[in-house]
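Everything below belongs to final_2.cif, which stores mmCIF, C-alpha atoms.
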data_coords
#
loop_
_atom_site.label_atom_id
_atom_site.label_comp_id
_atom_site.auth_asym_id
_atom_site.auth_seq_id
_atom_site.Cartn_x
_atom_site.Cartn_y
_atom_site.Cartn_z
CA MET A 1 -11.19 -30.65 3.84
CA THR A 2 -9.58 -33.06 1.40
CA ARG A 3 -6.03 -32.59 0.26
CA PHE A 4 -7.22 -32.15 -3.34
CA LEU A 5 -9.66 -29.40 -2.38
CA LEU A 6 -6.98 -27.66 -0.33
CA ILE A 7 -4.63 -27.68 -3.34
CA VAL A 8 -7.38 -26.21 -5.54
CA LEU A 9 -8.14 -23.45 -3.05
CA VAL A 10 -4.47 -22.59 -2.59
CA GLY A 11 -4.21 -22.32 -6.37
CA VAL A 12 -7.15 -19.93 -6.41
CA VAL A 13 -5.53 -17.81 -3.70
CA MET A 14 -2.24 -17.61 -5.61
CA LEU A 15 -3.97 -16.62 -8.83
CA CYS A 16 -6.08 -14.00 -7.10
CA SER A 17 -3.04 -12.60 -5.34
CA SER A 18 -1.31 -12.12 -8.69
CA TRP A 19 -4.26 -10.06 -9.90
CA GLY A 20 -3.53 -7.62 -7.10
CA PHE A 21 -0.97 -6.18 -9.49
CA PHE A 22 -3.86 -4.58 -11.39
CA ALA A 23 -5.01 -2.50 -8.44
CA HIS A 24 -1.52 -1.41 -7.38
CA LYS A 25 -0.68 -0.23 -10.88
CA LYS A 26 -3.93 1.71 -11.22
CA ILE A 27 -3.51 3.42 -7.85
CA ASN A 28 -0.04 4.73 -8.70
CA GLN A 29 -1.13 5.75 -12.19
CA LEU A 30 -4.15 7.71 -10.91
CA ALA A 31 -2.16 9.32 -8.09
CA VAL A 32 0.01 11.08 -10.68
CA PHE A 33 -3.01 13.13 -11.75
CA THR A 34 -3.52 14.52 -8.23
CA LEU A 35 -0.18 16.34 -8.33
CA PRO A 36 0.29 20.09 -8.94
CA PRO A 37 1.83 21.34 -12.22
CA ALA A 38 5.26 21.77 -10.63
CA MET A 39 5.35 18.00 -10.03
CA SER A 40 3.03 16.50 -12.60
CA GLY A 41 5.26 17.08 -15.64
CA PHE A 42 8.04 14.96 -14.18
CA TYR A 43 5.67 12.25 -12.97
CA LYS A 44 3.64 12.13 -16.21
CA LYS A 45 6.84 11.85 -18.22
CA ASN A 46 7.65 8.77 -16.14
CA ILE A 47 4.12 7.47 -15.59
CA GLU A 48 4.86 4.13 -17.24
CA TYR A 49 7.68 3.46 -14.77
CA ILE A 50 5.58 4.67 -11.79
CA THR A 51 2.78 2.36 -12.87
CA GLU A 52 4.78 -0.77 -13.66
CA SER A 53 7.08 -0.46 -10.64
CA ALA A 54 4.14 -0.28 -8.24
CA VAL A 55 4.31 -4.06 -7.89
CA ASN A 56 8.04 -4.37 -7.22
CA PRO A 57 7.62 -4.77 -3.44
CA ASP A 58 5.33 -7.76 -4.04
CA ARG A 59 7.79 -9.28 -6.48
CA ARG A 60 10.48 -9.43 -3.80
CA ARG A 61 8.24 -10.44 -0.87
CA TYR A 62 9.13 -14.09 -1.13
CA THR A 63 12.85 -13.65 -1.81
CA ILE A 64 13.83 -10.98 0.72
CA PRO A 65 12.88 -11.96 4.32
CA GLU A 66 12.60 -8.41 5.62
CA GLU A 67 10.16 -7.38 2.88
CA ALA A 68 6.99 -9.24 3.93
CA PRO A 69 6.35 -7.42 7.27
CA ARG A 70 6.33 -4.08 5.43
CA HIS A 71 2.97 -4.89 3.81
CA TYR A 72 0.73 -5.49 6.83
CA ILE A 73 0.20 -5.22 10.57
CA ASP A 74 -1.71 -7.82 12.59
CA LEU A 75 -3.35 -5.43 15.02
CA ASP A 76 -5.39 -8.15 16.73
CA ASP A 77 -2.17 -9.78 17.90
CA TYR A 78 -1.73 -6.88 20.30
CA GLY A 79 -5.13 -7.35 21.98
CA ASP A 80 -8.05 -4.96 22.23
CA SER A 81 -6.71 -3.15 25.28
CA VAL A 82 -3.42 -2.31 23.56
CA LEU A 83 -4.74 -1.57 20.08
CA TYR A 84 -5.28 2.16 20.42
CA LYS A 85 -2.24 2.59 22.65
CA LEU A 86 0.33 1.19 20.22
CA PRO A 87 3.24 3.63 19.89
CA ARG A 88 2.85 5.60 16.66
CA TYR A 89 6.58 6.22 16.29
CA TRP A 90 9.05 3.44 15.52
CA SER A 91 11.63 4.27 18.19
CA ASP A 92 8.93 4.23 20.89
CA ALA A 93 7.51 0.96 19.57
CA VAL A 94 10.93 -0.69 19.58
CA LYS A 95 11.49 0.34 23.19
CA GLN A 96 8.14 -1.14 24.21
CA PHE A 97 8.00 -4.34 22.14
CA GLY A 98 11.43 -4.94 20.60
CA GLU A 99 12.17 -4.94 16.89
CA ASP A 100 11.86 -8.71 16.39
CA SER A 101 8.38 -8.72 17.92
CA LEU A 102 7.24 -5.82 15.76
CA LEU A 103 8.53 -7.48 12.61
CA ALA A 104 6.71 -10.67 13.53
CA HIS A 105 3.38 -8.83 13.52
CA GLY A 106 3.96 -6.46 10.59
CA ILE A 107 5.12 -2.85 10.36
CA VAL A 108 3.25 -1.21 7.47
CA PRO A 109 2.33 2.13 9.17
CA TRP A 110 5.87 2.67 10.42
CA HIS A 111 7.32 1.63 7.07
CA ILE A 112 5.18 4.13 5.16
CA TYR A 113 6.79 6.89 7.21
CA ARG A 114 10.26 5.45 6.64
CA VAL A 115 9.77 5.42 2.87
CA TYR A 116 8.30 8.94 2.97
CA LYS A 117 11.57 10.10 4.55
CA GLN A 118 13.51 8.26 1.85
CA LEU A 119 11.48 10.08 -0.80
CA LYS A 120 12.08 13.41 0.91
CA ASP A 121 15.83 12.70 0.83
CA ALA A 122 15.59 11.75 -2.84
CA PHE A 123 14.00 15.12 -3.58
CA LEU A 124 16.70 16.89 -1.57
CA LEU A 125 19.35 15.05 -3.59
CA LYS A 126 17.53 15.82 -6.86
CA ASP A 127 18.08 12.23 -7.87
CA PRO A 128 15.42 11.42 -10.51
CA ASP A 129 15.96 7.66 -10.42
CA ARG A 130 15.65 7.51 -6.66
CA ILE A 131 12.60 9.78 -6.69
CA LEU A 132 10.81 7.51 -9.15
CA LYS A 133 11.76 4.23 -7.46
CA THR A 134 10.82 5.46 -4.00
CA SER A 135 7.57 7.07 -5.18
CA ALA A 136 6.46 3.88 -6.91
CA GLU A 137 7.16 1.69 -3.89
CA LEU A 138 5.68 4.17 -1.41
CA GLY A 139 2.41 3.99 -3.35
CA HIS A 140 2.42 0.21 -2.92
CA TYR A 141 2.73 0.32 0.87
CA ILE A 142 0.10 3.05 1.16
CA ALA A 143 -2.31 0.98 -0.94
CA ASP A 144 -1.67 -2.11 1.21
CA ALA A 145 -2.52 -0.15 4.36
CA HIS A 146 -5.97 0.55 2.88
CA VAL A 147 -6.82 -3.16 2.58
CA PRO A 148 -8.70 -4.28 5.73
CA LEU A 149 -7.27 -7.80 5.57
CA HIS A 150 -3.74 -6.34 5.78
CA THR A 151 -4.54 -5.37 9.39
CA THR A 152 -5.51 -8.74 10.87
CA LYS A 153 -3.91 -12.11 11.52
CA ASN A 154 -6.96 -13.64 9.77
CA TYR A 155 -5.59 -12.08 6.58
CA ASP A 156 -6.98 -14.69 4.18
CA GLY A 157 -9.92 -15.97 6.17
CA GLN A 158 -7.88 -19.02 7.15
CA LEU A 159 -9.16 -18.80 10.73
CA THR A 160 -12.83 -18.63 9.70
CA ASP A 161 -12.89 -21.14 6.84
CA GLN A 162 -12.89 -18.37 4.21
CA ILE A 163 -9.61 -19.09 2.43
CA GLY A 164 -9.23 -16.93 -0.66
CA ILE A 165 -11.16 -13.91 0.61
CA HIS A 166 -8.03 -11.75 0.52
CA GLY A 167 -7.57 -12.02 -3.22
CA PHE A 168 -11.35 -11.85 -3.70
CA TRP A 169 -11.60 -8.47 -1.94
CA GLU A 170 -8.43 -6.75 -3.17
CA SER A 171 -8.09 -8.26 -6.63
CA ARG A 172 -11.24 -9.82 -8.07
CA LEU A 173 -13.62 -7.01 -7.08
CA PRO A 174 -11.42 -4.11 -8.31
CA GLU A 175 -10.82 -5.94 -11.58
CA LEU A 176 -14.56 -6.42 -12.13
CA TYR A 177 -15.79 -2.98 -11.03
CA PHE A 178 -12.92 -0.59 -11.72
CA ASP A 179 -14.72 0.96 -14.69
CA GLN A 180 -17.68 1.86 -12.45
CA TYR A 181 -15.64 3.69 -9.81
CA ASN A 182 -15.34 7.46 -9.58
CA PHE A 183 -11.70 8.45 -9.26
CA PHE A 184 -12.07 12.20 -9.08
CA VAL A 185 -10.39 12.56 -5.70
CA GLY A 186 -9.18 16.16 -5.96
CA LYS A 187 -5.70 17.57 -5.76
CA ALA A 188 -2.94 16.31 -3.50
CA SER A 189 -2.66 18.15 -0.20
CA HIS A 190 0.10 18.55 2.36
CA LEU A 191 -0.04 16.29 5.41
CA SER A 192 1.07 17.83 8.68
CA ASN A 193 2.19 14.46 10.07
CA VAL A 194 2.70 11.55 7.68
CA GLN A 195 3.29 9.03 10.48
CA LEU A 196 -0.01 9.80 12.20
CA ALA A 197 -1.81 9.88 8.84
CA ALA A 198 -0.54 6.36 8.13
CA TRP A 199 -1.90 5.17 11.45
CA GLN A 200 -5.28 6.74 10.77
CA VAL A 201 -5.46 4.78 7.53
CA VAL A 202 -4.58 1.51 9.26
CA MET A 203 -7.15 2.04 12.00
CA ARG A 204 -9.91 2.85 9.47
CA SER A 205 -9.01 -0.25 7.49
CA ASN A 206 -9.10 -2.38 10.63
CA HIS A 207 -12.57 -1.13 11.51
CA ALA A 208 -13.82 -2.72 8.27
CA VAL A 209 -12.41 -6.20 8.94
CA ASP A 210 -15.56 -7.55 10.60
CA SER A 211 -17.74 -6.43 7.69
CA VAL A 212 -15.38 -7.92 5.11
CA LEU A 213 -15.48 -11.32 6.81
CA GLN A 214 -19.01 -11.46 8.16
CA PHE A 215 -20.73 -10.34 4.96
CA GLU A 216 -18.91 -12.96 2.91
CA LYS A 217 -19.67 -15.64 5.50
CA LEU A 218 -23.36 -14.75 5.38
CA LEU A 219 -23.41 -14.68 1.59
CA PHE A 220 -21.73 -18.07 1.36
CA GLN A 221 -24.29 -19.57 3.72
CA GLU A 222 -27.08 -18.25 1.51
CA SER A 223 -25.66 -18.91 -1.96
CA GLY A 224 -22.33 -20.67 -1.63
CA SER A 225 -23.10 -23.21 -4.34
CA GLY A 226 -22.63 -20.50 -6.97
CA LYS A 227 -19.42 -19.05 -5.61
CA PHE A 228 -16.98 -20.37 -8.24
CA ASN A 229 -16.85 -20.84 -11.97
CA PHE A 230 -14.14 -21.05 -14.63
CA GLU A 231 -12.81 -18.28 -16.88
CA THR A 232 -10.29 -18.30 -19.69
CA LYS A 233 -7.35 -15.89 -19.25
CA GLY A 234 -5.18 -15.97 -22.34
CA LYS A 235 -4.38 -19.63 -22.86
CA GLN A 236 -5.31 -20.65 -19.32
CA THR A 237 -8.65 -21.71 -17.89
CA ILE A 238 -8.72 -20.89 -14.19
CA LYS A 239 -11.13 -21.17 -11.29
CA VAL A 240 -12.39 -17.79 -10.08
CA VAL A 241 -15.14 -16.36 -7.90
CA SER A 242 -18.16 -16.03 -10.18
CA GLU A 243 -19.36 -12.64 -11.38
CA GLU A 244 -22.79 -13.29 -9.83
CA TYR A 245 -21.34 -14.04 -6.40
CA SER A 246 -18.96 -11.10 -6.73
CA ALA A 247 -21.84 -8.74 -7.57
CA LEU A 248 -23.77 -9.80 -4.47
CA TYR A 249 -20.75 -9.39 -2.18
CA HIS A 250 -19.78 -6.08 -3.76
CA ALA A 251 -23.30 -4.76 -3.13
CA MET A 252 -23.23 -5.95 0.50
CA LEU A 253 -20.02 -3.97 1.06
CA SER A 254 -21.87 -0.75 0.08
CA GLY A 255 -19.01 0.91 -1.80
CA MET A 256 -16.23 -0.12 0.60
CA VAL A 257 -13.85 -1.28 -2.11
CA GLU A 258 -14.31 1.91 -4.12
CA ARG A 259 -13.83 4.08 -1.02
CA GLN A 260 -10.60 2.33 -0.08
CA PHE A 261 -9.37 2.43 -3.67
CA ARG A 262 -10.08 6.18 -3.90
CA ALA A 263 -8.49 6.82 -0.51
CA SER A 264 -5.36 4.94 -1.64
CA VAL A 265 -5.06 7.15 -4.71
CA LYS A 266 -5.55 10.33 -2.69
CA MET A 267 -3.12 9.47 0.07
CA THR A 268 -0.45 8.30 -2.36
CA GLY A 269 -0.61 11.69 -4.06
CA ASP A 270 -0.69 13.44 -0.68
CA VAL A 271 2.46 11.72 0.59
CA TRP A 272 4.37 12.29 -2.66
CA TYR A 273 3.39 15.94 -2.51
CA THR A 274 4.22 16.24 1.19
CA ALA A 275 7.71 14.80 0.67
CA TRP A 276 8.31 17.28 -2.16
CA VAL A 277 7.10 20.27 -0.13
CA ASP A 278 9.06 19.19 2.94
CA ALA A 279 12.17 18.95 0.76
CA GLY A 280 11.80 22.59 -0.24
CA GLN A 281 9.89 22.07 -3.50
CA PRO A 282 12.87 21.35 -5.78
CA ASP A 283 12.46 22.10 -9.48
CA LEU A 284 11.38 18.76 -10.95
CA ARG A 285 11.03 20.15 -14.45
CA SER A 286 14.79 20.41 -14.63
CA LEU A 287 15.03 16.66 -13.92
CA ILE A 288 12.76 15.48 -16.73
CA ASN A 289 15.61 14.95 -19.18
CA TYR A 290 18.49 15.06 -16.72
CA LYS A 291 20.59 12.23 -15.31
CA PRO A 292 23.20 13.30 -12.74
CA THR A 293 26.58 11.61 -12.62
CA GLU A 294 27.59 9.35 -9.76
CA GLU A 295 30.06 12.02 -8.61
CA GLU A 296 27.33 14.66 -8.46
CA LEU A 297 25.03 12.40 -6.49
CA GLU A 298 27.76 11.46 -4.04
CA LYS A 299 28.59 15.13 -3.48
CA ARG A 300 24.94 15.95 -2.83
CA LYS A 301 24.66 12.98 -0.51
CA GLN A 302 27.58 14.18 1.60
CA GLU A 303 26.11 17.70 1.66
CA LEU A 304 22.80 16.27 2.83
CA ILE A 305 24.49 14.26 5.59
CA LEU A 306 26.32 17.36 6.84
CA TRP A 307 23.12 19.39 6.71
CA MET A 308 21.25 16.78 8.76
CA GLU A 309 24.06 16.64 11.31
CA ARG A 310 23.91 20.42 11.74
CA ILE A 311 20.16 20.22 12.34
CA LEU A 312 20.59 17.50 14.96
CA LYS A 313 23.31 19.47 16.75
CA SER A 314 21.22 22.63 16.77
CA ARG A 315 18.29 20.73 18.27
CA GLU A 316 20.52 19.23 20.96
CA HIS A 317 21.72 22.74 21.75
CA GLU A 318 18.12 23.92 22.16
CA HIS A 319 17.55 21.29 24.84
#

I'd like the structure from this file rewritten - as structure tokens, please.
Amino acid sequence: MTRFLLIVLVGVVMLCSSWGFFAHKKINQLAVFTLPPAMSGFYKKNIEYITESAVNPDRRRYTIPEEAPRHYIDLDDYGDSVLYKLPRYWSDAVKQFGEDSLLAHGIVPWHIYRVYKQLKDAFLLKDPDRILKTSAELGHYIADAHVPLHTTKNYDGQLTDQIGIHGFWESRLPELYFDQYNFFVGKASHLSNVQLAAWQVVMRSNHAVDSVLQFEKLLFQESGSGKFNFETKGKQTIKVVSEEYSALYHAMLSGMVERQFRASVKMTGDVWYTAWVDAGQPDLRSLINYKPTEEELEKRKQELILWMERILKSREHEH
């Protein structure tokens, strides 16, 4: 591969990755409509923030070192024999592999649970700003876990001469076919175990990796000459995967992108709802036009810390 061609392909990857913002924003926006009336008023009032802030984790990926591993997990790095035996809980995983090793291979399923707990605490504190910020970012990580290429070290086809497939799957296809998808996913439901639910998502996504890569490889062998064309976006003319090639690949995937998109919307709503229920279903309607003072929030924070300490002590007593 010539240096010029490599530069062109890298440019395509970067442009496609930026279009991923479209999908993340739509997922958060649609998840708001899965919520029950006791939650939906607050979230709809702030739907613009929930939507726009969905991409904040991506915006800081390349400036904050600890951010990047939160978006993926390279399951194939652990080997087939270990894959299904990976510890589902962070403390167990750290004991077995060490934190540095886990971070090197990605931590998205564990991080989803961590942010769920942060959202639960935000509900307990009745802190509207923290609820909104944490909800928006939680939706981002949940959506990432539904992307098959976020579960493999061959995340952009770089190991199989398919560079750019990541942005093609998660950005180009949703942008082209969003209007054809059915987003009636039903109402949010309570999850009995958010951590295990996150792992189920990651495993399902990983099962689709072979199809994502092999179908595109086959299609390129058959009609690769028509893969790219140029489109004008605003004042820019950019190289993109052609609509014809996209249509063929989308058909080969047999609804995969729509299924994962829908599942992202549903689970985002489910985890928001679960955090709210697990926090005792605080009255969110009272927070719609309310901004607590720093003193009030600090007082609630101290009360929450004391409450958690009492729970831990009572559990130690039970043992």

- Message: Applying the PyMOL selection byres ((chain A and resi 173-186) around 7) to the file I just gave you, which residues come out? Please list them as a list in words.
- Response: Ala23, Thr34, Phe168, Trp169, Glu170, Ser171, Arg172, Lys187, Ala188, Ser246, Glu258, Arg262 and Lys266 of chain A

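Residues matched by the PyMOL selection byres ((chain A and resi 68) around 12) in this file are Pro57, Asp58, Arg59, Arg60, Arg61, Tyr62, Thr63, Ile64, Pro65, Glu66, Glu67, Pro69, Arg70, His71, Tyr72, Ile73, Leu103, Ala104, His105, Gly106, Ile107, Val108, His111, Tyr141, Asp144 and His150 of chain A.
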
- Message: Residues near Tyr273 in chain A, anyone? I mean within 7 Å using only C-alpha atoms, not counting same-chain ones fewer than 5 positions away, as a ChimeraX atom specification.
- Response: /A:35,188-190

- Message: For the PyMOL selection byres ((chain A and resi 210) around 12), applied here, can you spell out every residue it catches as a PyMOL selection string?
- Response: chain A and resi 76+148-149+151-152+154-155+157+160+204-209+211-218+253

May I have the residues from that selection written out with C-alpha atoms, as a PDB file, in the frame of the given file?
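selection-v4.pdb written:
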ATOM      1  CA  ASP A  76      -5.390  -8.150  16.730  1.00  0.00           C
ATOM      2  CA  PRO A 148      -8.700  -4.280   5.730  1.00  0.00           C
ATOM      3  CA  LEU A 149      -7.270  -7.800   5.570  1.00  0.00           C
ATOM      4  CA  THR A 151      -4.540  -5.370   9.390  1.00  0.00           C
ATOM      5  CA  THR A 152      -5.510  -8.740  10.870  1.00  0.00           C
ATOM      6  CA  ASN A 154      -6.960 -13.640   9.770  1.00  0.00           C
ATOM      7  CA  TYR A 155      -5.590 -12.080   6.580  1.00  0.00           C
ATOM      8  CA  GLY A 157      -9.920 -15.970   6.170  1.00  0.00           C
ATOM      9  CA  THR A 160     -12.830 -18.630   9.700  1.00  0.00           C
ATOM     10  CA  ARG A 204      -9.910   2.850   9.470  1.00  0.00           C
ATOM     11  CA  SER A 205      -9.010  -0.250   7.490  1.00  0.00           C
ATOM     12  CA  ASN A 206      -9.100  -2.380  10.630  1.00  0.00           C
ATOM     13  CA  HIS A 207     -12.570  -1.130  11.510  1.00  0.00           C
ATOM     14  CA  ALA A 208     -13.820  -2.720   8.270  1.00  0.00           C
ATOM     15  CA  VAL A 209     -12.410  -6.200   8.940  1.00  0.00           C
ATOM     16  CA  SER A 211     -17.740  -6.430   7.690  1.00  0.00           C
ATOM     17  CA  VAL A 212     -15.380  -7.920   5.110  1.00  0.00           C
ATOM     18  CA  LEU A 213     -15.480 -11.320   6.810  1.00  0.00           C
ATOM     19  CA  GLN A 214     -19.010 -11.460   8.160  1.00  0.00           C
ATOM     20  CA  PHE A 215     -20.730 -10.340   4.960  1.00  0.00           C
ATOM     21  CA  GLU A 216     -18.910 -12.960   2.910  1.00  0.00           C
ATOM     22  CA  LYS A 217     -19.670 -15.640   5.500  1.00  0.00           C
ATOM     23  CA  LEU A 218     -23.360 -14.750   5.380  1.00  0.00           C
ATOM     24  CA  LEU A 253     -20.020  -3.970   1.060  1.00  0.00           C
TER      25      LEU A 253
END

- Find the spatial neighbours of Ala275 in chain A, counting all atoms listed in the file, within a cut-off of 8 Å - ignore same-chain residues fewer than 4 positions away - and output them as number ranges by chain. A: 116-117, 119-120, 123, 271, 279

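Separating CA of Pro128 in chain A from CA of Glu48 in chain A is a distance of 14.5 Å.
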
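Among the candidate residues A:Leu306, A:Leu191, A:Met256, A:Val115, the one lying nearest to Thr274 in chain A is A:Leu191, with distances computed using all atoms listed in the file.
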
Under the rule of at most 9 Å, produce a per-residue listing of range 158-274 of chain A near range 86-90 of chain A: chain, number, name, the closest pair of atoms, and the distance in Å, as a tab-separated table, using all atoms listed in the file.
residue	atom	partner	partner_atom	distance
A:Gln195	CA	A:Arg88	CA	7.1
A:Leu196	CA	A:Arg88	CA	6.8
A:Trp199	CA	A:Arg88	CA	7.1

Go ahead and write the residues just picked, C-alpha atoms, as a CSV table (one decimal), in the frame of the given file.
chain,number,residue,atom,x,y,z
A,195,GLN,CA,3.3,9.0,10.5
A,196,LEU,CA,0.0,9.8,12.2
A,199,TRP,CA,-1.9,5.2,11.4

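Going from CA of Tyr78 in chain A to CA of Gln118 in chain A covers 28.3 Å.
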
- For Glu303 in chain A, the nearest of the candidates A:Ala31, A:Trp110, A:Leu125, A:Ile50, counting only C-alpha atoms: A:Leu125

- Task: Could you give me, as a PyMOL selection string, the residues that sit within 12 Å of (24.9, 13.0, -2.2) in the file's coordinates, counting all atoms listed in the file?
- Result: chain A and resi 121-127+130+292-307

- Task: Grab the CA of Phe22 in chain A to CA of Asn56 in chain A distance for me, in Å with one decimal place.
- Result: 12.6 Å

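Minimum distance to Asn28 in chain A across A:Ile131, A:Thr268, A:Lys153, A:Val202 (counting only C-alpha atoms) occurs at A:Thr268.
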
- Note on the structure: Between A:Ser254, A:Ala93, A:Glu309, A:Arg285, smallest distance to Lys44 in chain A by only C-alpha atoms belongs to A:Arg285

- Note on the structure: Using only C-alpha atoms, the best pick from A:Val240, A:Met39, A:Gly139, A:Met203 as closest to Leu83 in chain A would be A:Met203

- Message: Given all atoms listed in the file as the basis, pick out the residue of A:Ile288, A:Leu102, A:Leu75, A:Val94 nearest to Ala145 in chain A.
- Response: A:Leu75

Write out as lines of an AutoDock Vina configuration file an axis-aligned box for range 228-245 of chain A: all of its atoms listed in the file, 3 Å added on each side, centre and edge lengths in Å with one decimal.
center_x = -13.6
center_y = -17.2
center_z = -14.6
size_x = 24.4
size_y = 15.1
size_z = 22.5
